[in-house]
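**Q** Next up, input-v9.json (JSON, C-alpha atoms).
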[["chain", "number", "residue", "atom", "x", "y", "z"],
["M", 274, "MET", "CA", 0.00, 0.00, 0.00],
["M", 275, "TYR", "CA", 1.53, 3.29, -1.11],
["M", 276, "PRO", "CA", 0.58, 6.54, 0.50],
["M", 277, "VAL", "CA", -1.14, 8.84, -1.92],
["M", 278, "VAL", "CA", -0.30, 12.48, -1.43],
["M", 279, "LEU", "CA", -2.28, 15.02, -3.38],
["M", 280, "MET", "CA", -1.28, 18.65, -3.56],
["M", 281, "ALA", "CA", 1.40, 18.02, -0.97],
["M", 282, "ARG", "CA", 3.35, 21.23, -0.96],
["M", 283, "ASP", "CA", 0.94, 23.91, -1.88],
["M", 284, "SER", "CA", -2.68, 24.28, -1.03],
["M", 285, "GLY", "CA", -2.91, 27.54, -3.00],
["M", 286, "PRO", "CA", -4.22, 27.92, -6.52],
["M", 287, "VAL", "CA", -2.57, 25.73, -9.10],
["M", 288, "PRO", "CA", -2.63, 27.26, -12.57],
["M", 289, "ARG", "CA", -4.60, 25.14, -14.98],
["M", 290, "GLY", "CA", -3.40, 24.57, -18.48],
["M", 291, "PRO", "CA", -4.48, 27.11, -21.06],
["M", 292, "VAL", "CA", -7.30, 26.32, -23.47],
["M", 293, "SER", "CA", -7.53, 27.70, -26.98],
["M", 294, "VAL", "CA", -10.53, 27.17, -29.24],
["M", 295, "SER", "CA", -11.74, 28.82, -32.39],
["M", 296, "TYR", "CA", -15.45, 29.45, -32.86],
["M", 297, "THR", "CA", -17.88, 30.61, -35.49],
["M", 298, "THR", "CA", -21.53, 30.30, -34.49],
["M", 299, "ASP", "CA", -21.17, 27.44, -32.00],
["M", 300, "LEU", "CA", -21.62, 29.71, -29.01],
["M", 301, "SER", "CA", -23.23, 27.02, -26.86],
["M", 302, "ALA", "CA", -20.01, 25.02, -27.06],
["M", 303, "VAL", "CA", -18.02, 28.16, -26.20],
["M", 304, "ARG", "CA", -20.20, 28.73, -23.13],
["M", 305, "ALA", "CA", -19.82, 25.11, -22.05],
["M", 306, "VAL", "CA", -16.02, 25.28, -22.26],
["M", 307, "VAL", "CA", -15.90, 28.50, -20.26],
["M", 308, "HIS", "CA", -18.28, 27.25, -17.58],
["M", 309, "ARG", "CA", -16.41, 24.00, -17.13],
["M", 310, "TYR", "CA", -13.07, 25.76, -16.88],
["M", 311, "ALA", "CA", -14.34, 28.46, -14.53],
["M", 312, "VAL", "CA", -15.93, 26.03, -12.09],
["M", 313, "ALA", "CA", -12.88, 23.75, -12.11],
["M", 314, "ALA", "CA", -10.67, 26.77, -11.44],
["M", 315, "GLY", "CA", -12.71, 27.53, -8.34],
["M", 316, "LEU", "CA", -15.01, 30.30, -9.48],
["M", 317, "SER", "CA", -18.37, 30.19, -7.72],
["M", 318, "GLU", "CA", -21.38, 29.16, -9.79],
["M", 319, "ALA", "CA", -22.74, 32.70, -9.73],
["M", 320, "ARG", "CA", -19.48, 34.17, -11.01],
["M", 321, "ALA", "CA", -19.04, 31.38, -13.52],
["M", 322, "ILE", "CA", -22.47, 32.37, -14.86],
["M", 323, "ASP", "CA", -21.25, 35.97, -15.10],
["M", 324, "LEU", "CA", -18.14, 34.97, -17.00],
["M", 325, "VAL", "CA", -20.15, 32.77, -19.35],
["M", 326, "LEU", "CA", -22.47, 35.70, -20.08],
["M", 327, "ALA", "CA", -19.53, 38.02, -20.75],
["M", 328, "VAL", "CA", -17.74, 35.58, -23.06],
["M", 329, "SER", "CA", -20.98, 34.83, -24.89],
["M", 330, "GLU", "CA", -21.66, 38.53, -25.46],
["M", 331, "VAL", "CA", -18.19, 39.12, -26.87],
["M", 332, "ALA", "CA", -18.46, 36.01, -29.05],
["M", 333, "ALA", "CA", -21.90, 37.20, -30.19],
["M", 334, "ASN", "CA", -20.21, 40.37, -31.45],
["M", 335, "THR", "CA", -17.90, 38.15, -33.48],
["M", 336, "VAL", "CA", -20.94, 36.43, -35.00],
["M", 337, "ARG", "CA", -22.65, 39.76, -35.71],
["M", 338, "HIS", "CA", -19.80, 41.96, -36.86],
["M", 339, "ALA", "CA", -16.47, 40.26, -37.42],
["M", 340, "GLY", "CA", -17.23, 38.28, -40.55],
["M", 341, "SER", "CA", -14.61, 35.76, -39.52],
["M", 342, "ALA", "CA", -14.05, 33.07, -36.94],
["M", 343, "GLY", "CA", -13.02, 34.13, -33.47],
["M", 344, "ARG", "CA", -10.50, 32.66, -31.09],
["M", 345, "LEU", "CA", -11.03, 32.10, -27.39],
["M", 346, "GLU", "CA", -8.15, 31.49, -25.04],
["M", 347, "ILE", "CA", -8.68, 30.70, -21.37],
["M", 348, "TRP", "CA", -6.02, 30.48, -18.75],
["M", 349, "GLN", "CA", -5.69, 30.59, -15.02],
["M", 350, "GLY", "CA", -3.17, 32.76, -13.24],
["M", 351, "THR", "CA", -2.39, 32.51, -9.56],
["M", 352, "ASP", "CA", -5.34, 34.66, -8.56],
["M", 353, "GLU", "CA", -7.53, 35.03, -11.60],
["M", 354, "ILE", "CA", -9.06, 33.38, -14.60],
["M", 355, "VAL", "CA", -8.74, 35.14, -17.94],
["M", 356, "CYS", "CA", -10.75, 34.68, -21.13],
["M", 357, "ARG", "CA", -9.30, 36.43, -24.16],
["M", 358, "LEU", "CA", -11.33, 36.64, -27.35],
["M", 359, "SER", "CA", -9.93, 37.83, -30.64],
["M", 360, "ASP", "CA", -11.55, 38.41, -34.01],
["M", 361, "ARG", "CA", -11.20, 40.53, -37.13],
["M", 362, "GLY", "CA", -13.97, 42.93, -36.17],
["M", 363, "VAL", "CA", -13.28, 46.55, -35.35],
["M", 364, "ILE", "CA", -14.81, 48.45, -32.46],
["M", 365, "ALA", "CA", -14.53, 52.08, -33.50],
["M", 366, "ASP", "CA", -15.95, 53.66, -30.34],
["M", 367, "PRO", "CA", -13.45, 53.46, -27.50],
["M", 368, "LEU", "CA", -16.28, 54.01, -25.03],
["M", 369, "ALA", "CA", -18.42, 51.22, -26.45],
["M", 370, "GLY", "CA", -20.21, 49.49, -23.59],
["M", 371, "ARG", "CA", -19.19, 52.06, -21.00],
["M", 372, "ARG", "CA", -22.53, 53.85, -20.96],
["M", 373, "ARG", "CA", -25.67, 52.18, -19.70],
["M", 374, "PRO", "CA", -28.05, 51.76, -22.63],
["M", 375, "SER", "CA", -31.71, 52.54, -22.24],
["M", 376, "LEU", "CA", -34.07, 49.57, -22.31],
["M", 377, "ASP", "CA", -35.92, 51.48, -25.04],
["M", 378, "ASP", "CA", -32.89, 51.19, -27.29],
["M", 379, "LEU", "CA", -33.56, 47.49, -27.85],
["M", 380, "GLY", "CA", -29.86, 47.03, -28.38],
["M", 381, "GLY", "CA", -26.38, 47.86, -27.19],
["M", 382, "HIS", "CA", -26.40, 45.87, -23.95],
["M", 383, "GLY", "CA", -23.79, 43.32, -24.98],
["M", 384, "LEU", "CA", -20.53, 45.06, -24.13],
["M", 385, "TRP", "CA", -22.17, 46.97, -21.31],
["M", 386, "LEU", "CA", -23.01, 43.65, -19.63],
["M", 387, "VAL", "CA", -19.42, 42.50, -20.12],
["M", 388, "TYR", "CA", -18.17, 45.51, -18.17],
["M", 389, "GLN", "CA", -20.78, 44.94, -15.47],
["M", 390, "VAL", "CA", -19.97, 41.33, -14.65],
["M", 391, "CYS", "CA", -16.18, 41.14, -15.10],
["M", 392, "ASP", "CA", -13.60, 42.33, -12.58],
["M", 393, "LYS", "CA", -11.44, 43.79, -15.34],
["M", 394, "VAL", "CA", -11.87, 44.20, -19.09],
["M", 395, "GLU", "CA", -9.05, 45.02, -21.49],
["M", 396, "LEU", "CA", -10.16, 46.00, -24.96],
["M", 397, "CYS", "CA", -7.81, 46.58, -27.84],
["M", 398, "SER", "CA", -9.20, 47.29, -31.28],
["M", 399, "GLY", "CA", -7.53, 48.39, -34.48],
["M", 400, "ALA", "CA", -7.44, 47.73, -38.19],
["M", 401, "ALA", "CA", -6.16, 44.19, -37.57],
["M", 402, "GLY", "CA", -9.10, 43.30, -35.35],
["M", 403, "THR", "CA", -10.25, 43.29, -31.77],
["M", 404, "THR", "CA", -8.94, 41.54, -28.69],
["M", 405, "ILE", "CA", -10.89, 41.61, -25.46],
["M", 406, "ALA", "CA", -9.51, 40.07, -22.27],
["M", 407, "LEU", "CA", -11.98, 39.33, -19.48],
["M", 408, "HIS", "CA", -10.56, 38.91, -15.99],
["M", 409, "MET", "CA", -12.28, 37.27, -13.04],
["M", 410, "ALA", "CA", -10.50, 37.26, -9.68],
["M", 411, "LEU", "CA", -10.29, 33.96, -7.85],
["M", 412, "ALA", "CA", -9.13, 35.49, -4.57],
["M", 413, "ALA", "CA", -12.54, 35.94, -3.02],
["M", 414, "GLU", "CA", -13.64, 32.43, -3.87],
["M", 415, "GLY", "CA", -12.17, 30.63, -0.87],
["M", 416, "GLY", "CA", -9.62, 28.62, -2.81],
["M", 417, "PRO", "CA", -9.89, 26.56, -5.94],
["M", 418, "ARG", "CA", -11.83, 23.39, -6.29],
["M", 419, "HIS", "CA", -9.80, 20.76, -8.04],
["M", 420, "ALA", "CA", -11.27, 18.07, -10.15],
["M", 421, "PRO", "CA", -10.42, 14.63, -8.75],
["T", 251, "MET", "CA", -18.92, 18.94, -31.03],
["T", 252, "ARG", "CA", -22.05, 18.33, -29.02],
["T", 253, "ARG", "CA", -24.92, 19.96, -30.85],
["T", 254, "ASP", "CA", -28.02, 18.59, -29.25],
["T", 255, "HIS", "CA", -28.84, 20.81, -26.32],
["T", 256, "ARG", "CA", -32.56, 20.63, -26.78],
["T", 257, "VAL", "CA", -34.68, 20.05, -23.77],
["T", 258, "PRO", "CA", -37.88, 18.09, -24.04],
["T", 259, "VAL", "CA", -41.01, 20.16, -24.11],
["T", 260, "ARG", "CA", -42.98, 19.64, -20.95],
["T", 261, "ALA", "CA", -46.24, 17.83, -21.08],
["T", 262, "VAL", "CA", -49.05, 20.11, -22.10],
["T", 263, "PRO", "CA", -51.98, 20.19, -19.69],
["T", 264, "SER", "CA", -55.11, 18.61, -21.07],
["T", 265, "ARG", "CA", -56.98, 21.90, -21.23],
["T", 266, "SER", "CA", -54.46, 23.33, -23.64],
["T", 267, "ALA", "CA", -54.40, 23.18, -27.35],
["T", 268, "VAL", "CA", -50.98, 22.89, -28.91],
["T", 269, "TRP", "CA", -50.68, 25.39, -31.70],
["T", 270, "TYR", "CA", -47.27, 24.39, -32.73],
["T", 271, "ASN", "CA", -44.10, 23.07, -31.28],
["T", 272, "LYS", "CA", -41.13, 24.25, -33.18],
["T", 273, "CYS", "CA", -37.52, 23.39, -32.51],
["T", 274, "VAL", "CA", -34.73, 25.59, -33.71],
["T", 275, "GLU", "CA", -31.13, 24.91, -32.91],
["T", 276, "LEU", "CA", -30.50, 24.95, -29.15],
["T", 277, "LEU", "CA", -33.94, 26.30, -28.52],
["T", 278, "THR", "CA", -37.31, 24.69, -27.93],
["T", 279, "VAL", "CA", -40.42, 26.81, -28.10],
["T", 280, "SER", "CA", -43.97, 25.63, -27.54],
["T", 281, "VAL", "CA", -47.12, 27.69, -27.60],
["T", 282, "THR", "CA", -50.38, 26.78, -25.93],
["T", 283, "ALA", "CA", -53.71, 28.53, -25.50],
["T", 284, "ARG", "CA", -54.91, 28.45, -21.93],
["T", 285, "GLU", "CA", -57.52, 29.91, -19.68],
["T", 286, "SER", "CA", -57.49, 31.27, -16.17],
["T", 287, "ALA", "CA", -60.76, 32.15, -14.42],
["T", 288, "GLY", "CA", -62.45, 32.59, -17.77],
["T", 289, "HIS", "CA", -59.69, 34.75, -19.22],
["T", 290, "PRO", "CA", -57.75, 33.29, -22.12],
["T", 291, "TYR", "CA", -54.01, 33.69, -22.29],
["T", 292, "THR", "CA", -51.17, 32.49, -24.45],
["T", 293, "LEU", "CA", -48.40, 30.53, -22.82],
["T", 294, "VAL", "CA", -45.07, 30.33, -24.60],
["T", 295, "THR", "CA", -42.57, 27.91, -23.08],
["T", 296, "ILE", "CA", -38.95, 28.45, -24.03],
["T", 297, "GLY", "CA", -36.27, 25.88, -23.29],
["T", 298, "GLY", "CA", -32.60, 25.48, -24.05],
["T", 299, "GLU", "CA", -30.34, 28.43, -24.79],
["T", 300, "ALA", "CA", -31.36, 31.68, -26.46],
["T", 301, "ASP", "CA", -28.60, 33.70, -28.07],
["T", 302, "VAL", "CA", -27.66, 35.71, -31.15],
["T", 303, "THR", "CA", -27.68, 32.57, -33.30],
["T", 304, "ASN", "CA", -31.37, 31.89, -32.73],
["T", 305, "SER", "CA", -32.89, 35.15, -31.46],
["T", 306, "GLY", "CA", -34.15, 35.97, -34.97],
["T", 307, "GLU", "CA", -36.19, 32.78, -35.00],
["T", 308, "LEU", "CA", -37.37, 33.41, -31.44],
["T", 309, "ARG", "CA", -38.43, 36.89, -32.47],
["T", 310, "ARG", "CA", -40.45, 35.58, -35.44],
["T", 311, "LEU", "CA", -42.17, 32.99, -33.26],
["T", 312, "LEU", "CA", -43.09, 35.54, -30.60],
["T", 313, "GLU", "CA", -44.16, 38.20, -33.10],
["T", 314, "ASP", "CA", -46.50, 35.65, -34.67],
["T", 315, "GLU", "CA", -48.18, 35.35, -31.27],
["T", 316, "VAL", "CA", -48.24, 39.10, -30.68],
["T", 317, "ALA", "CA", -49.93, 39.53, -34.07],
["T", 318, "LYS", "CA", -52.84, 37.41, -32.79],
["T", 319, "GLN", "CA", -53.44, 40.16, -30.26],
["T", 320, "PRO", "CA", -53.63, 38.12, -27.07],
["T", 321, "ARG", "CA", -54.81, 39.90, -23.95],
["T", 322, "THR", "CA", -52.05, 38.22, -22.02],
["T", 323, "LEU", "CA", -48.87, 36.60, -23.25],
["T", 324, "ILE", "CA", -46.87, 34.65, -20.70],
["T", 325, "VAL", "CA", -43.39, 33.30, -21.37],
["T", 326, "ASP", "CA", -42.30, 30.40, -19.16],
["T", 327, "LEU", "CA", -38.50, 30.61, -18.86],
["T", 328, "SER", "CA", -38.04, 27.75, -16.39],
["T", 329, "GLY", "CA", -36.37, 25.53, -19.00],
["T", 330, "LEU", "CA", -34.13, 28.23, -20.41],
["T", 331, "ARG", "CA", -30.53, 27.73, -19.32],
["T", 332, "PHE", "CA", -29.07, 30.81, -20.95],
["T", 333, "MET", "CA", -30.16, 34.08, -22.52],
["T", 334, "ASP", "CA", -27.95, 36.74, -24.08],
["T", 335, "SER", "CA", -28.67, 40.40, -24.81],
["T", 336, "SER", "CA", -30.07, 39.73, -28.28],
["T", 337, "ALA", "CA", -32.70, 37.39, -26.81],
["T", 338, "LEU", "CA", -33.36, 39.94, -24.09],
["T", 339, "HIS", "CA", -33.98, 42.57, -26.75],
["T", 340, "THR", "CA", -36.45, 40.21, -28.38],
["T", 341, "LEU", "CA", -38.40, 40.03, -25.11],
["T", 342, "LEU", "CA", -38.22, 43.83, -24.71],
["T", 343, "ARG", "CA", -39.54, 44.24, -28.24],
["T", 344, "VAL", "CA", -42.44, 41.89, -27.53],
["T", 345, "ASN", "CA", -43.18, 43.81, -24.34],
["T", 346, "ARG", "CA", -43.31, 47.09, -26.24],
["T", 347, "SER", "CA", -45.54, 45.68, -28.99],
["T", 348, "LEU", "CA", -47.98, 44.15, -26.53],
["T", 349, "ASP", "CA", -48.03, 47.32, -24.49],
["T", 350, "ARG", "CA", -48.95, 49.35, -27.56],
["T", 351, "GLN", "CA", -51.87, 47.08, -28.39],
["T", 352, "GLY", "CA", -53.10, 46.98, -24.82],
["T", 353, "GLY", "CA", -51.89, 43.46, -24.03],
["T", 354, "ILE", "CA", -50.07, 42.21, -20.98],
["T", 355, "PHE", "CA", -46.69, 40.51, -21.07],
["T", 356, "ALA", "CA", -45.22, 38.48, -18.22],
["T", 357, "LEU", "CA", -42.23, 36.24, -17.61],
["T", 358, "VAL", "CA", -42.19, 33.17, -15.39],
["T", 359, "SER", "CA", -39.48, 31.40, -13.42],
["T", 360, "PRO", "CA", -36.19, 32.65, -14.87],
["T", 361, "GLN", "CA", -33.28, 30.42, -13.83],
["T", 362, "PRO", "CA", -30.08, 31.97, -12.38],
["T", 363, "ALA", "CA", -28.30, 32.90, -15.62],
["T", 364, "VAL", "CA", -31.47, 34.35, -17.12],
["T", 365, "ALA", "CA", -32.51, 36.07, -13.89],
["T", 366, "LYS", "CA", -29.09, 37.71, -13.77],
["T", 367, "ILE", "CA", -29.34, 39.43, -17.15],
["T", 368, "LEU", "CA", -32.92, 40.50, -16.40],
["T", 369, "ARG", "CA", -31.76, 42.01, -13.11],
["T", 370, "LEU", "CA", -28.60, 43.70, -14.41],
["T", 371, "THR", "CA", -30.43, 45.39, -17.26],
["T", 372, "THR", "CA", -33.43, 46.17, -15.01],
["T", 373, "ALA", "CA", -35.63, 44.49, -17.59],
["T", 374, "ASP", "CA", -37.28, 42.74, -14.63],
["T", 375, "ARG", "CA", -38.61, 46.12, -13.51],
["T", 376, "LEU", "CA", -40.12, 46.77, -16.91],
["T", 377, "ILE", "CA", -41.60, 43.32, -17.48],
["T", 378, "PRO", "CA", -43.39, 41.62, -14.59],
["T", 379, "VAL", "CA", -41.71, 38.40, -13.47],
["T", 380, "PHE", "CA", -43.60, 35.69, -11.58],
["T", 381, "ASP", "CA", -42.60, 32.44, -9.88],
["T", 382, "THR", "CA", -45.33, 30.37, -11.48],
["T", 383, "VAL", "CA", -47.54, 30.44, -14.55],
["T", 384, "ALA", "CA", -50.62, 30.40, -12.31],
["T", 385, "GLU", "CA", -49.49, 33.59, -10.56],
["T", 386, "ALA", "CA", -48.72, 35.27, -13.88],
["T", 387, "ALA", "CA", -52.12, 34.27, -15.27],
["T", 388, "ALA", "CA", -53.86, 35.62, -12.19],
["T", 389, "GLY", "CA", -52.01, 38.90, -12.82]]
Transcribe the structure of this file into structure tokens.

**A**
Amino acid sequence: MYPVVLMARDSGPVPRGPVSVSYTTDLSAVRAVVHRYAVAAGLSEARAIDLVLAVSEVAANTVRHAGSAGRLEIWQGTDEIVCRLSDRGVIADPLAGRRRPSLDDLGGHGLWLVYQVCDKVELCSGAAGTTIALHMALAAEGGPRHAP
Amino acid sequence: MRRDHRVPVRAVPSRSAVWYNKCVELLTVSVTARESAGHPYTLVTIGGEADVTNSGELRRLLEDEVAKQPRTLIVDLSGLRFMDSSALHTLLRVNRSLDRQGGIFALVSPQPAVAKILRLTTADRLIPVFDTVAEAAAG
């Protein structure tokens, strides 16, 4: 009988391997990947739901505007989970999503929601395309939950 | 890639007449005519995931019902796992159309992800949200 020691030296967050997927209109699969990763990384269900919403809204912009496939990369740092989405679309307005849209507008809530639910959003858009990195802190989650 | 996220449509109570039951990708929508205390209402049950890839179809389905000028249109969201802003805008549009023709719109039993977007956007203050269909039908 051998002793089995799991996570012997460090009970803190262990970075999970990065994930990289390309997507077109298969947003349900994108959401599933993000949710699985977020929960495994230790994000609470409520915050995993937030991150899934944010990623889905950014990916929806790819479907609507980019005219090309998008790429989603997910990785876990020591104290956060990051989802970075890139596509060929261009966001001309640097303040896009920073103002609360009116419900009468019947539009324009996508990026605004992203800013509402994420801890930090980095948006970089130019002629070559748009990259948006969504950060969710893991610190307040009471430690990661590791898959067996 | 897993494509079949459809949820089965719940059994329709015997009093209801099924008008149609249409599946689009990811999304299941069923429409039934019902009655509460002598008042007819239309119940639309949405299941699965509603996003930019199917909100156009959802909008057509709901606008077909709005065009029939129901006094009350109730959307049961209990089987909807996810809703994005384009699906939300579809519901807001339906609410506005019904309002203009003197109808009443109500939502029932949003699950956590759907409740979150309704709350963040304050759409749940514009459109009444109930726990059960019976409560929504009673107004």

**Q** Hey, list the chain M side of the contact with chain T: 12 Å cut-off, all atoms listed in the file, answer as a count of residues only.

**A** 52

**Q** Applying 8 Å and only C-alpha atoms, which residues near M:Leu407 remain after dropping the ones on its own chain fewer than 5 positions away? List them as number ranges by chain.

**A** M: 324, 327-328, 355-357, 391-395

**Q** What does the file look like for those residues with C-alpha atoms, as an mmCIF file, in the frame of the given file?

**A**
data_model
loop_
_atom_site.group_PDB
_atom_site.id
_atom_site.type_symbol
_atom_site.label_atom_id
_atom_site.label_comp_id
_atom_site.auth_asym_id
_atom_site.auth_seq_id
_atom_site.Cartn_x
_atom_site.Cartn_y
_atom_site.Cartn_z
ATOM 1 C CA LEU M 324 -18.140 34.970 -17.000
ATOM 2 C CA ALA M 327 -19.530 38.020 -20.750
ATOM 3 C CA VAL M 328 -17.740 35.580 -23.060
ATOM 4 C CA VAL M 355 -8.740 35.140 -17.940
ATOM 5 C CA CYS M 356 -10.750 34.680 -21.130
ATOM 6 C CA ARG M 357 -9.300 36.430 -24.160
ATOM 7 C CA CYS M 391 -16.180 41.140 -15.100
ATOM 8 C CA ASP M 392 -13.600 42.330 -12.580
ATOM 9 C CA LYS M 393 -11.440 43.790 -15.340
ATOM 10 C CA VAL M 394 -11.870 44.200 -19.090
ATOM 11 C CA GLU M 395 -9.050 45.020 -21.490
#

**Q** Which value, in Å to one decimal, gives the distance between atom CA of M:Gly340 and atom CA of T:Asn304?

**A**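 Interatomic distance here is 17.4 Å.
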
**Q** How many Å lie between atom CA of M:Gly399 and atom CA of T:Ala337, rounded to one decimal?

**A**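 Pair atom CA of M:Gly399 / atom CA of T:Ala337 returns 28.5 Å.
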
**Q** Name the residues in contact with M:Gly402 at a cut-off of 6 Å, using only C-alpha atoms, excluding same-chain residues fewer than 2 positions from it; report them as a PDB file with C-alpha atoms, in the frame of the given file.

**A**
ATOM      1  CA  ASP M 360     -11.550  38.410 -34.010  1.00  0.00           C
ATOM      2  CA  ARG M 361     -11.200  40.530 -37.130  1.00  0.00           C
ATOM      3  CA  GLY M 362     -13.970  42.930 -36.170  1.00  0.00           C
ATOM      4  CA  VAL M 363     -13.280  46.550 -35.350  1.00  0.00           C
ATOM      5  CA  SER M 398      -9.200  47.290 -31.280  1.00  0.00           C
ATOM      6  CA  GLY M 399      -7.530  48.390 -34.480  1.00  0.00           C
ATOM      7  CA  ALA M 400      -7.440  47.730 -38.190  1.00  0.00           C
TER       8      ALA M 400
END

**Q** For T:Ala386, find every residue with an atom within 12 Å (counting only C-alpha atoms), except residues of its own chain fewer than 3 positions away, and show them as a list of chain:residue names.

**A**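 What passes the distance filter is T:Glu285, T:Ser286, T:Tyr291, T:Thr292, T:Leu293, T:Thr322, T:Leu323, T:Ile324, T:Val325, T:Asp326, T:Ile354, T:Phe355, T:Ala356, T:Leu357, T:Val358, T:Ser359, T:Ile377, T:Pro378, T:Val379, T:Phe380, T:Asp381, T:Thr382, T:Val383, T:Gly389.
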
**Q** Go ahead and save the picked residues with C-alpha atoms, as a CSV table (one decimal), keeping the file's coordinate frame.

**A**
chain,number,residue,atom,x,y,z
T,285,GLU,CA,-57.5,29.9,-19.7
T,286,SER,CA,-57.5,31.3,-16.2
T,291,TYR,CA,-54.0,33.7,-22.3
T,292,THR,CA,-51.2,32.5,-24.4
T,293,LEU,CA,-48.4,30.5,-22.8
T,322,THR,CA,-52.0,38.2,-22.0
T,323,LEU,CA,-48.9,36.6,-23.2
T,324,ILE,CA,-46.9,34.6,-20.7
T,325,VAL,CA,-43.4,33.3,-21.4
T,326,ASP,CA,-42.3,30.4,-19.2
T,354,ILE,CA,-50.1,42.2,-21.0
T,355,PHE,CA,-46.7,40.5,-21.1
T,356,ALA,CA,-45.2,38.5,-18.2
T,357,LEU,CA,-42.2,36.2,-17.6
T,358,VAL,CA,-42.2,33.2,-15.4
T,359,SER,CA,-39.5,31.4,-13.4
T,377,ILE,CA,-41.6,43.3,-17.5
T,378,PRO,CA,-43.4,41.6,-14.6
T,379,VAL,CA,-41.7,38.4,-13.5
T,380,PHE,CA,-43.6,35.7,-11.6
T,381,ASP,CA,-42.6,32.4,-9.9
T,382,THR,CA,-45.3,30.4,-11.5
T,383,VAL,CA,-47.5,30.4,-14.6
T,389,GLY,CA,-52.0,38.9,-12.8

**Q** So how far away is atom CA of T:Arg310 from atom CA of T:Gly329, in Å?

**A**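 Answer for the atom CA of T:Gly329 to atom CA of T:Arg310 separation: 19.7 Å.
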
**Q** Could you check which of M:Leu396, M:Leu316, M:Val307, M:Ala412 is closest to M:Gly370, using all atoms listed in the file?

**A**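 Checking each of M:Leu396, M:Leu316, M:Val307, M:Ala412 against M:Gly370, counting all atoms listed in the file, the winner is M:Leu396.
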
**Q** Using only C-alpha atoms, pick whichever of M:Met409, M:Ala342, M:Ala369, M:Val312 has the shortest atom-to-atom distance to M:Cys397.

**A**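 Using only C-alpha atoms, the shortest distance to M:Cys397 belongs to M:Ala369.
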
**Q** Could you complete stretch 359-370 of chain T so that it carries N, CA, C and O atoms, and give it back as a CSV table (one decimal), keeping the file's coordinate frame?

**A**
chain,number,residue,atom,x,y,z
T,359,SER,N,-40.5,32.3,-13.9
T,359,SER,CA,-39.5,31.4,-13.4
T,359,SER,C,-38.1,31.4,-14.2
T,359,SER,O,-37.6,30.4,-14.6
T,360,PRO,N,-37.5,32.6,-14.3
T,360,PRO,CA,-36.2,32.6,-14.9
T,360,PRO,C,-35.2,31.9,-14.0
T,360,PRO,O,-35.2,32.1,-12.8
T,361,GLN,N,-34.3,31.1,-14.6
T,361,GLN,CA,-33.3,30.4,-13.8
T,361,GLN,C,-32.1,31.4,-13.6
T,361,GLN,O,-32.1,32.4,-14.2
T,362,PRO,N,-31.1,31.0,-12.8
T,362,PRO,CA,-30.1,32.0,-12.4
T,362,PRO,C,-29.4,32.8,-13.5
T,362,PRO,O,-29.3,34.0,-13.4
T,363,ALA,N,-29.0,32.1,-14.6
T,363,ALA,CA,-28.3,32.9,-15.6
T,363,ALA,C,-29.2,33.9,-16.3
T,363,ALA,O,-28.9,35.0,-16.6
T,364,VAL,N,-30.5,33.5,-16.5
T,364,VAL,CA,-31.5,34.4,-17.1
T,364,VAL,C,-31.9,35.5,-16.2
T,364,VAL,O,-32.1,36.6,-16.5
T,365,ALA,N,-32.1,35.1,-14.9
T,365,ALA,CA,-32.5,36.1,-13.9
T,365,ALA,C,-31.5,37.2,-13.8
T,365,ALA,O,-31.8,38.3,-13.6
T,366,LYS,N,-30.2,36.8,-13.9
T,366,LYS,CA,-29.1,37.7,-13.8
T,366,LYS,C,-29.1,38.8,-14.8
T,366,LYS,O,-29.0,40.0,-14.5
T,367,ILE,N,-29.3,38.4,-16.1
T,367,ILE,CA,-29.3,39.4,-17.2
T,367,ILE,C,-30.6,40.3,-17.0
T,367,ILE,O,-30.6,41.5,-17.3
T,368,LEU,N,-31.7,39.7,-16.6
T,368,LEU,CA,-32.9,40.5,-16.4
T,368,LEU,C,-32.7,41.5,-15.3
T,368,LEU,O,-33.2,42.7,-15.4
T,369,ARG,N,-32.0,41.1,-14.3
T,369,ARG,CA,-31.8,42.0,-13.1
T,369,ARG,C,-30.8,43.1,-13.5
T,369,ARG,O,-31.0,44.3,-13.2
T,370,LEU,N,-29.6,42.7,-14.1
T,370,LEU,CA,-28.6,43.7,-14.4
T,370,LEU,C,-29.1,44.8,-15.3
T,370,LEU,O,-28.8,46.0,-15.2
